[in-house]
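File shown here: data_29.csv, holding CSV, C-alpha atoms.
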chain,number,residue,atom,x,y,z
J,1491,MET,CA,-84.1,204.7,171.9
J,1492,ILE,CA,-83.6,200.9,171.6
J,1493,TYR,CA,-86.4,198.5,170.7
J,1494,THR,CA,-86.3,194.7,170.4
J,1495,ASP,CA,-87.9,193.2,167.3
J,1496,GLN,CA,-89.5,189.7,167.0
J,1497,LEU,CA,-86.1,188.3,165.9
J,1498,ASN,CA,-84.7,189.5,169.2
J,1499,ARG,CA,-82.6,192.1,167.5
J,1500,GLU,CA,-82.0,195.5,169.0
J,1501,VAL,CA,-83.2,198.3,166.7
J,1502,HIS,CA,-81.6,201.7,167.6
J,1503,LEU,CA,-83.6,204.8,166.7
J,1504,SER,CA,-82.2,208.3,167.3
J,1505,ASN,CA,-85.6,209.9,167.1
J,1506,SER,CA,-89.2,209.0,166.7
J,1507,PRO,CA,-89.5,207.7,163.1
J,1508,LYS,CA,-91.0,210.2,160.6
J,1509,ARG,CA,-90.1,208.4,157.3
J,1510,ILE,CA,-91.2,204.8,157.4
J,1511,ILE,CA,-91.0,202.2,154.7
J,1512,SER,CA,-93.2,199.1,155.1
J,1513,LEU,CA,-92.3,195.9,153.1
J,1514,VAL,CA,-95.3,193.9,154.3
J,1515,PRO,CA,-98.9,194.5,153.1
J,1516,SER,CA,-100.6,193.5,156.4
J,1517,GLN,CA,-98.3,195.7,158.4
J,1518,THR,CA,-98.8,198.6,156.0
J,1519,GLU,CA,-102.5,198.3,156.6
J,1520,LEU,CA,-101.8,198.3,160.3
J,1521,LEU,CA,-99.8,201.5,160.1
J,1522,MET,CA,-102.6,203.2,158.3
J,1523,ASP,CA,-105.2,202.0,160.9
J,1524,LEU,CA,-102.8,203.4,163.6
J,1525,GLY,CA,-103.1,206.8,161.9
J,1526,LEU,CA,-99.6,206.9,160.6
J,1527,GLU,CA,-100.2,207.7,156.9
J,1528,ASP,CA,-98.3,210.9,157.0
J,1529,ARG,CA,-95.2,209.1,158.3
J,1530,LEU,CA,-95.4,206.3,155.7
J,1531,VAL,CA,-93.3,207.2,152.7
J,1532,GLY,CA,-92.7,203.8,150.9
J,1533,ILE,CA,-94.7,200.6,150.4
J,1534,THR,CA,-94.7,197.5,148.2
J,1535,LYS,CA,-96.8,197.0,145.1
J,1536,PHE,CA,-98.8,194.4,147.1
J,1537,CYS,CA,-99.8,196.9,149.8
J,1538,VAL,CA,-103.4,197.3,148.4
J,1539,HIS,CA,-105.2,198.2,151.6
J,1540,PRO,CA,-106.6,200.7,152.0
J,1541,LYS,CA,-107.7,201.1,148.4
J,1542,GLY,CA,-105.7,203.6,146.4
J,1543,LEU,CA,-102.7,203.7,148.7
J,1544,THR,CA,-100.3,202.5,145.9
J,1545,LYS,CA,-101.2,205.7,144.0
J,1546,LYS,CA,-100.3,207.9,146.9
J,1547,LYS,CA,-97.1,206.3,148.2
J,1548,ALA,CA,-93.7,205.5,146.6
J,1549,ILE,CA,-93.5,201.9,145.5
J,1550,VAL,CA,-90.2,200.3,146.5
J,1551,GLY,CA,-90.8,196.9,144.8
J,1552,GLY,CA,-92.4,193.7,146.0
J,1553,THR,CA,-91.9,191.8,149.2
J,1554,LYS,CA,-88.9,189.9,147.9
J,1555,ASN,CA,-87.2,192.2,145.4
J,1556,TYR,CA,-86.6,195.9,146.3
J,1557,ARG,CA,-85.8,199.0,144.3
J,1558,VAL,CA,-82.8,199.9,146.4
J,1559,ASP,CA,-82.3,203.2,144.5
J,1560,MET,CA,-85.9,204.2,145.4
J,1561,ILE,CA,-85.4,203.2,149.1
J,1562,HIS,CA,-82.2,205.3,149.2
J,1563,SER,CA,-84.0,208.3,147.7
J,1564,LEU,CA,-86.7,208.1,150.3
J,1565,GLN,CA,-84.2,208.4,153.1
J,1566,PRO,CA,-86.2,206.3,155.6
J,1567,ASP,CA,-85.5,206.4,159.3
J,1568,LEU,CA,-87.2,203.1,159.8
J,1569,ILE,CA,-88.0,200.0,157.6
J,1570,ILE,CA,-90.5,197.5,158.8
J,1571,GLY,CA,-90.3,193.9,157.5
J,1572,ASN,CA,-91.2,190.3,158.2
J,1573,LYS,CA,-89.1,187.2,158.5
J,1574,GLU,CA,-91.3,185.0,156.3
J,1575,GLU,CA,-92.5,187.5,153.7
J,1576,ASN,CA,-89.3,189.3,153.0
J,1577,ASP,CA,-86.0,188.2,151.3
J,1578,GLN,CA,-83.4,187.5,153.9
J,1579,LYS,CA,-80.4,188.7,151.9
J,1580,GLY,CA,-82.2,191.9,150.7
J,1581,ILE,CA,-83.2,192.7,154.3
J,1582,GLU,CA,-79.7,192.1,155.6
J,1583,ASN,CA,-78.4,194.5,153.0
J,1584,LEU,CA,-80.9,197.2,154.1
J,1585,MET,CA,-79.9,196.7,157.7
J,1586,GLN,CA,-76.4,197.9,156.8
J,1587,ASP,CA,-77.8,201.4,156.0
J,1588,TYR,CA,-81.1,201.7,158.0
J,1589,PRO,CA,-82.8,200.7,161.2
J,1590,VAL,CA,-84.9,197.7,160.3
J,1591,TRP,CA,-87.6,196.3,162.6
J,1592,MET,CA,-88.6,192.7,161.8
J,1593,SER,CA,-91.7,190.8,162.8
J,1594,ASP,CA,-92.0,187.0,163.1
J,1595,VAL,CA,-95.6,186.0,163.3
J,1596,ASN,CA,-96.6,182.4,163.5
J,1597,SER,CA,-99.7,182.7,165.8
J,1598,VAL,CA,-102.4,185.2,166.7
J,1599,LYS,CA,-100.5,185.8,169.9
J,1600,ASP,CA,-97.4,186.8,167.9
J,1601,GLY,CA,-99.6,189.1,165.8
J,1602,ILE,CA,-101.0,190.8,168.8
J,1603,ALA,CA,-97.5,191.2,170.3
J,1604,MET,CA,-96.3,192.7,166.9
J,1605,ILE,CA,-99.2,195.3,167.0
J,1606,ARG,CA,-98.3,196.3,170.6
J,1607,SER,CA,-94.6,196.6,169.8
J,1608,ILE,CA,-95.2,198.8,166.7
J,1609,GLY,CA,-97.6,200.9,168.8
J,1610,GLU,CA,-94.9,201.5,171.4
J,1611,MET,CA,-92.1,202.1,168.9
J,1612,LEU,CA,-94.2,204.6,166.9
J,1613,GLU,CA,-95.8,206.2,170.0
J,1614,VAL,CA,-99.4,205.3,169.2
J,1615,VAL,CA,-99.8,203.0,172.2
J,1616,GLU,CA,-103.4,203.8,172.8
J,1617,LYS,CA,-104.6,203.0,169.3
J,1618,ALA,CA,-102.5,199.8,169.2
J,1619,GLU,CA,-103.8,198.7,172.5
J,1620,LYS,CA,-107.4,199.1,171.3
J,1621,ILE,CA,-106.7,196.8,168.4
J,1622,ALA,CA,-104.8,194.3,170.5
J,1623,PHE,CA,-107.5,194.2,173.2
J,1624,GLN,CA,-110.2,193.6,170.6
J,1625,LEU,CA,-108.2,190.8,169.0
J,1626,GLU,CA,-107.7,189.1,172.4
J,1627,THR,CA,-111.4,189.3,172.9
J,1628,ASP,CA,-112.3,187.9,169.4
J,1629,PHE,CA,-109.8,185.0,169.6
J,1630,HIS,CA,-110.4,184.0,173.2
J,1631,LYS,CA,-112.5,181.0,172.3
J,1632,PRO,CA,-112.4,178.9,169.1
J,1633,LEU,CA,-115.4,178.7,166.9
J,1634,GLU,CA,-117.7,175.6,166.6
J,1635,ARG,CA,-116.0,172.6,165.0
J,1636,LYS,CA,-116.6,172.2,161.3
J,1637,GLY,CA,-114.6,169.2,160.3
J,1638,THR,CA,-111.3,168.3,158.6
J,1639,CYS,CA,-109.8,170.5,155.9
J,1640,VAL,CA,-107.0,171.1,153.5
J,1641,TYR,CA,-106.1,174.7,152.6
J,1642,LEU,CA,-104.6,175.2,149.2
J,1643,ILE,CA,-102.3,178.1,148.4
J,1644,TRP,CA,-101.0,177.1,144.9
J,1645,LYS,CA,-102.3,175.2,141.9
J,1646,ASP,CA,-99.4,173.8,139.9
J,1647,PRO,CA,-97.8,172.2,141.8
J,1648,LEU,CA,-100.4,171.8,144.5
J,1649,MET,CA,-99.2,173.5,147.7
J,1650,VAL,CA,-101.0,173.3,151.0
J,1651,VAL,CA,-100.7,174.9,154.5
J,1652,GLY,CA,-99.2,172.7,157.1
J,1653,ASN,CA,-98.2,173.1,160.8
J,1654,ASN,CA,-96.2,175.9,162.3
J,1655,THR,CA,-97.9,178.5,160.2
J,1656,PHE,CA,-100.2,181.5,161.0
J,1657,ILE,CA,-102.8,180.2,158.6
J,1658,ASP,CA,-102.9,176.9,160.5
J,1659,GLN,CA,-103.6,178.8,163.7
J,1660,ILE,CA,-106.6,180.6,162.0
J,1661,LEU,CA,-107.9,177.3,160.7
J,1662,THR,CA,-107.8,175.8,164.2
J,1663,PHE,CA,-109.6,178.9,165.7
J,1664,GLY,CA,-112.2,178.6,162.9
J,1665,GLY,CA,-113.1,175.1,163.9
J,1666,PHE,CA,-111.1,173.2,161.3
J,1667,GLU,CA,-108.8,170.2,161.7
J,1668,ASN,CA,-106.0,170.7,159.3
J,1669,ARG,CA,-105.2,167.3,157.8
J,1670,ILE,CA,-101.7,168.3,156.7
J,1671,SER,CA,-99.2,167.3,159.4
J,1672,GLU,CA,-96.0,168.4,157.7
J,1673,ASN,CA,-94.5,171.8,158.6
J,1674,ARG,CA,-94.9,175.0,156.6
J,1675,TYR,CA,-96.1,174.7,153.0
J,1676,PRO,CA,-95.5,171.3,151.5
J,1677,LYS,CA,-96.3,170.2,148.0
J,1678,ILE,CA,-98.7,167.3,147.5
J,1679,SER,CA,-100.0,165.3,144.6
J,1680,LEU,CA,-103.6,165.2,143.4
J,1681,ASP,CA,-103.7,161.5,144.4
J,1682,GLU,CA,-102.5,162.4,147.9
J,1683,LEU,CA,-105.2,165.0,148.2
J,1684,VAL,CA,-107.9,162.5,147.0
J,1685,GLY,CA,-106.6,160.1,149.6
J,1686,ILE,CA,-106.9,162.6,152.4
J,1687,ASP,CA,-110.6,163.1,151.4
J,1688,PRO,CA,-111.1,166.1,153.7
J,1689,ASP,CA,-114.6,167.4,154.8
J,1690,TYR,CA,-113.6,170.8,153.4
J,1691,LEU,CA,-111.1,171.9,150.7
J,1692,LEU,CA,-110.4,175.6,151.0
J,1693,LEU,CA,-109.1,177.4,147.9
J,1694,SER,CA,-107.4,180.6,148.9
J,1695,SER,CA,-107.5,183.9,146.9
J,1696,GLU,CA,-103.8,184.3,147.5
J,1697,PRO,CA,-101.0,183.8,146.7
J,1698,PHE,CA,-102.6,181.8,143.8
J,1699,PRO,CA,-105.9,183.4,142.8
J,1700,PHE,CA,-108.2,180.4,142.9
J,1701,LYS,CA,-111.5,181.0,141.0
J,1702,GLU,CA,-114.9,179.4,140.6
J,1703,LYS,CA,-113.6,177.2,137.7
J,1704,HIS,CA,-111.2,175.5,140.1
J,1705,ILE,CA,-114.2,174.4,142.3
J,1706,ASP,CA,-115.5,172.4,139.3
J,1707,TYR,CA,-112.0,170.9,138.8
J,1708,PHE,CA,-111.6,169.6,142.3
J,1709,GLU,CA,-115.2,168.5,142.6
J,1710,SER,CA,-114.6,166.0,139.9
J,1711,TYR,CA,-112.0,164.3,142.1
J,1712,LEU,CA,-113.5,165.0,145.6
J,1713,PRO,CA,-117.3,164.7,145.1
J,1714,GLU,CA,-118.1,164.4,148.8
J,1715,THR,CA,-115.9,167.3,149.9
J,1716,LYS,CA,-117.3,170.8,150.5
J,1717,ILE,CA,-115.1,173.0,148.3
J,1718,ARG,CA,-115.0,176.7,149.1
J,1719,LEU,CA,-113.2,179.8,147.8
J,1720,VAL,CA,-111.9,181.8,150.8
J,1721,ASP,CA,-110.5,185.3,151.2
J,1722,GLY,CA,-106.9,184.6,152.0
J,1723,GLU,CA,-106.4,187.9,153.6
J,1724,TYR,CA,-108.5,186.9,156.6
J,1725,PHE,CA,-106.5,183.8,157.0
J,1726,SER,CA,-103.0,185.2,156.5
J,1727,TRP,CA,-102.9,188.9,157.2
J,1728,TYR,CA,-101.7,189.3,160.8
J,1729,GLY,CA,-102.3,193.0,161.4
J,1730,SER,CA,-105.5,195.0,161.8
J,1731,ARG,CA,-107.2,192.9,159.1
J,1732,LEU,CA,-107.6,190.3,161.8
J,1733,LEU,CA,-110.3,192.5,163.3
J,1734,GLY,CA,-112.6,191.2,160.6
J,1735,THR,CA,-111.5,187.5,160.6
J,1736,LYS,CA,-114.0,186.2,163.2
J,1737,GLN,CA,-117.0,187.7,161.5
J,1738,TYR,CA,-115.7,186.6,158.1
J,1739,LEU,CA,-115.5,183.0,159.4
J,1740,LEU,CA,-118.9,183.1,161.0
J,1741,LYS,CA,-120.5,184.4,157.8
J,1742,ALA,CA,-118.6,182.3,155.3
J,1743,PHE,CA,-119.3,179.0,157.1
J,1744,SER,CA,-122.7,179.6,158.7

Structure re-expressed in structure tokens:
Amino acid sequence: MIYTDQLNREVHLSNSPKRIISLVPSQTELLMDLGLEDRLVGITKFCVHPKGLTKKKAIVGGTKNYRVDMIHSLQPDLIIGNKEENDQKGIENLMQDYPVWMSDVNSVKDGIAMIRSIGEMLEVVEKAEKIAFQLETDFHKPLERKGTCVYLIWKDPLMVVGNNTFIDQILTFGGFENRISENRYPKISLDELVGIDPDYLLLSSEPFPFKEKHIDYFESYLPETKIRLVDGEYFSWYGSRLLGTKQYLLKAFS
């Protein structure tokens, strides 16, 4: 069986995978929601959904650094990763020993395609199609415009979400105009942030865990800006967690 991943690589499988390692939290949650818990043998320490999963599955490291000895001991017949979240060199080393299917998700459309591809590869097409169809319905039409925004992902240095990112796509769907025109995740100074003076400053819960105290800090520099803590999982997890994103946005910004 030959499958093409989102890097346009051919992944050869001799049989339907029974021992899967997932190196991406959002894709781990997807595998669980597709009813594949019994085939999932290894995950990362960041695979926190559903709750308690890290106590039931072998931990093979983080998303960047892997316990190769643990991976070898698990004898996986498939490893699932992601271009942005995983370390390229580490992934390339694993490819020498195991079939590795890689996602590359920069839009909701890419995420839906990833779900369908995994569903086909793991023979759970009906369940995957149900999720994909619901997401196509949910994201068919953008929400009401809310204003300009800057989305912060790190505190020191200040790092923001720019163009050509999955989060930027979610912001656009949610009715926000991202004021960061650079690609990916640029650093900015506090003076630059003040100069942008967005309608909204969104402080993500991940990867930096912004808290209430940070609202007070930024309010002292941006008194006219609406500063909100947001659940980063609904903006950046591109698997089945997306099923809750529309309702989260409607509730959080009603």

Please provide the set of residues having any atom within 7 Å of range 1684-1687 of chain J, restricted to only C-alpha atoms, with same-chain residues fewer than 5 positions apart removed, written as a compact mmCIF listing (two decimals) with C-alpha atoms, in the coordinates of the input.
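Wrote result-v6.txt, looks like this:
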# COMPACT_ATOMS: atom_id res chain seq x y z
CA TYR J 1711 -112.00 164.30 142.10
CA LEU J 1712 -113.50 165.00 145.60
CA THR J 1715 -115.90 167.30 149.90

- Message: For Glu1714 in chain J, find every residue with an atom within 10 Å (counting all atoms listed in the file), except residues of its own chain fewer than 6 positions away, and show them as a list of chain:residue names.
- Response: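 Once the nearby chain positions are removed, what remains is J:Asp1687, J:Pro1688, J:Asp1689, J:Tyr1690.
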
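Using only C-alpha atoms, the shortest contact distance between Val1651 in chain J and any of J:Phe1623, J:Leu1612, J:Phe1663, J:Pro1697 is found at J:Pro1697.
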
- Note on the structure: Among J:Leu1633, J:Lys1547, J:Asn1654, J:Tyr1728, Lys1741 in chain J is approached most closely, using only C-alpha atoms, by J:Leu1633

- Quick one: distance from CA of Ile1608 in chain J to CA of Trp1591 in chain J in Å, one decimal? 9.0 Å

- Task: Select, from J:Ser1710, J:Thr1518, J:Asn1653, J:Gln1624, the residue with the minimum atom-to-atom distance to Thr1544 in chain J, counting all atoms listed in the file.
- Result: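 Between J:Ser1710, J:Thr1518, J:Asn1653, J:Gln1624, the residue approaching Thr1544 in chain J most closely is J:Thr1518.
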
- Query: Of the candidates J:Met1649, J:Ile1660, J:Leu1543, J:Val1550, which one gets nearest to Glu1682 in chain J if we count only C-alpha atoms?
  - Reply: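 For Glu1682 in chain J, the nearest of the given residues is J:Met1649.
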
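Residue neighbourhood of Val1558 in chain J, excluding near-sequence residues (fewer than 6 positions): J:Val1550, J:Gly1551, J:Leu1564, J:Gly1580, J:Asn1583, J:Leu1584, at 10 Å, using all atoms listed in the file.
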
- Query: Which residue, J:Gly1525, J:Gly1729, J:Pro1507, J:Gly1571, has the smallest gap to Val1615 in chain J when you use only C-alpha atoms?
  - Reply: J:Gly1525

Kindly output range 1512-1523 of chain J as a PDB file, in the frame of the given file, after building N, CA, C and O atoms.
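After the write, selection03.pdb holds the following:
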ATOM      1  N   SER J1512     -92.646 200.372 154.707  1.00  0.00           N
ATOM      2  CA  SER J1512     -93.200 199.100 155.100  1.00  0.00           C
ATOM      3  C   SER J1512     -93.062 198.107 153.917  1.00  0.00           C
ATOM      4  O   SER J1512     -93.521 198.399 152.815  1.00  0.00           O
ATOM      5  N   LEU J1513     -92.460 196.952 154.180  1.00  0.00           N
ATOM      6  CA  LEU J1513     -92.300 195.900 153.100  1.00  0.00           C
ATOM      7  C   LEU J1513     -93.248 194.782 153.279  1.00  0.00           C
ATOM      8  O   LEU J1513     -93.067 193.736 152.654  1.00  0.00           O
ATOM      9  N   VAL J1514     -94.301 194.967 154.069  1.00  0.00           N
ATOM     10  CA  VAL J1514     -95.300 193.900 154.300  1.00  0.00           C
ATOM     11  C   VAL J1514     -96.691 194.459 154.228  1.00  0.00           C
ATOM     12  O   VAL J1514     -97.047 195.375 154.984  1.00  0.00           O
ATOM     13  N   PRO J1515     -97.517 193.940 153.313  1.00  0.00           N
ATOM     14  CA  PRO J1515     -98.900 194.500 153.100  1.00  0.00           C
ATOM     15  C   PRO J1515     -99.721 194.557 154.386  1.00  0.00           C
ATOM     16  O   PRO J1515    -100.378 195.577 154.641  1.00  0.00           O
ATOM     17  N   SER J1516     -99.731 193.495 155.187  1.00  0.00           N
ATOM     18  CA  SER J1516    -100.600 193.500 156.400  1.00  0.00           C
ATOM     19  C   SER J1516    -100.111 194.511 157.399  1.00  0.00           C
ATOM     20  O   SER J1516    -100.917 195.111 158.118  1.00  0.00           O
ATOM     21  N   GLN J1517     -98.806 194.734 157.460  1.00  0.00           N
ATOM     22  CA  GLN J1517     -98.300 195.700 158.400  1.00  0.00           C
ATOM     23  C   GLN J1517     -98.441 197.132 157.870  1.00  0.00           C
ATOM     24  O   GLN J1517     -98.600 198.077 158.647  1.00  0.00           O
ATOM     25  N   THR J1518     -98.459 197.289 156.557  1.00  0.00           N
ATOM     26  CA  THR J1518     -98.800 198.600 156.000  1.00  0.00           C
ATOM     27  C   THR J1518    -100.201 198.994 156.350  1.00  0.00           C
ATOM     28  O   THR J1518    -100.456 200.134 156.766  1.00  0.00           O
ATOM     29  N   GLU J1519    -101.142 198.049 156.216  1.00  0.00           N
ATOM     30  CA  GLU J1519    -102.500 198.300 156.600  1.00  0.00           C
ATOM     31  C   GLU J1519    -102.623 198.703 158.063  1.00  0.00           C
ATOM     32  O   GLU J1519    -103.367 199.612 158.457  1.00  0.00           O
ATOM     33  N   LEU J1520    -101.853 198.007 158.891  1.00  0.00           N
ATOM     34  CA  LEU J1520    -101.800 198.300 160.300  1.00  0.00           C
ATOM     35  C   LEU J1520    -101.360 199.737 160.568  1.00  0.00           C
ATOM     36  O   LEU J1520    -101.972 200.475 161.363  1.00  0.00           O
ATOM     37  N   LEU J1521    -100.276 200.141 159.916  1.00  0.00           N
ATOM     38  CA  LEU J1521     -99.800 201.500 160.100  1.00  0.00           C
ATOM     39  C   LEU J1521    -100.830 202.535 159.727  1.00  0.00           C
ATOM     40  O   LEU J1521    -100.985 203.555 160.408  1.00  0.00           O
ATOM     41  N   MET J1522    -101.570 202.256 158.671  1.00  0.00           N
ATOM     42  CA  MET J1522    -102.600 203.200 158.300  1.00  0.00           C
ATOM     43  C   MET J1522    -103.733 203.231 159.340  1.00  0.00           C
ATOM     44  O   MET J1522    -104.228 204.309 159.683  1.00  0.00           O
ATOM     45  N   ASP J1523    -104.105 202.080 159.870  1.00  0.00           N
ATOM     46  CA  ASP J1523    -105.200 202.000 160.900  1.00  0.00           C
ATOM     47  C   ASP J1523    -104.691 202.624 162.216  1.00  0.00           C
ATOM     48  O   ASP J1523    -105.517 202.977 163.068  1.00  0.00           O
TER      49      ASP J1523
END
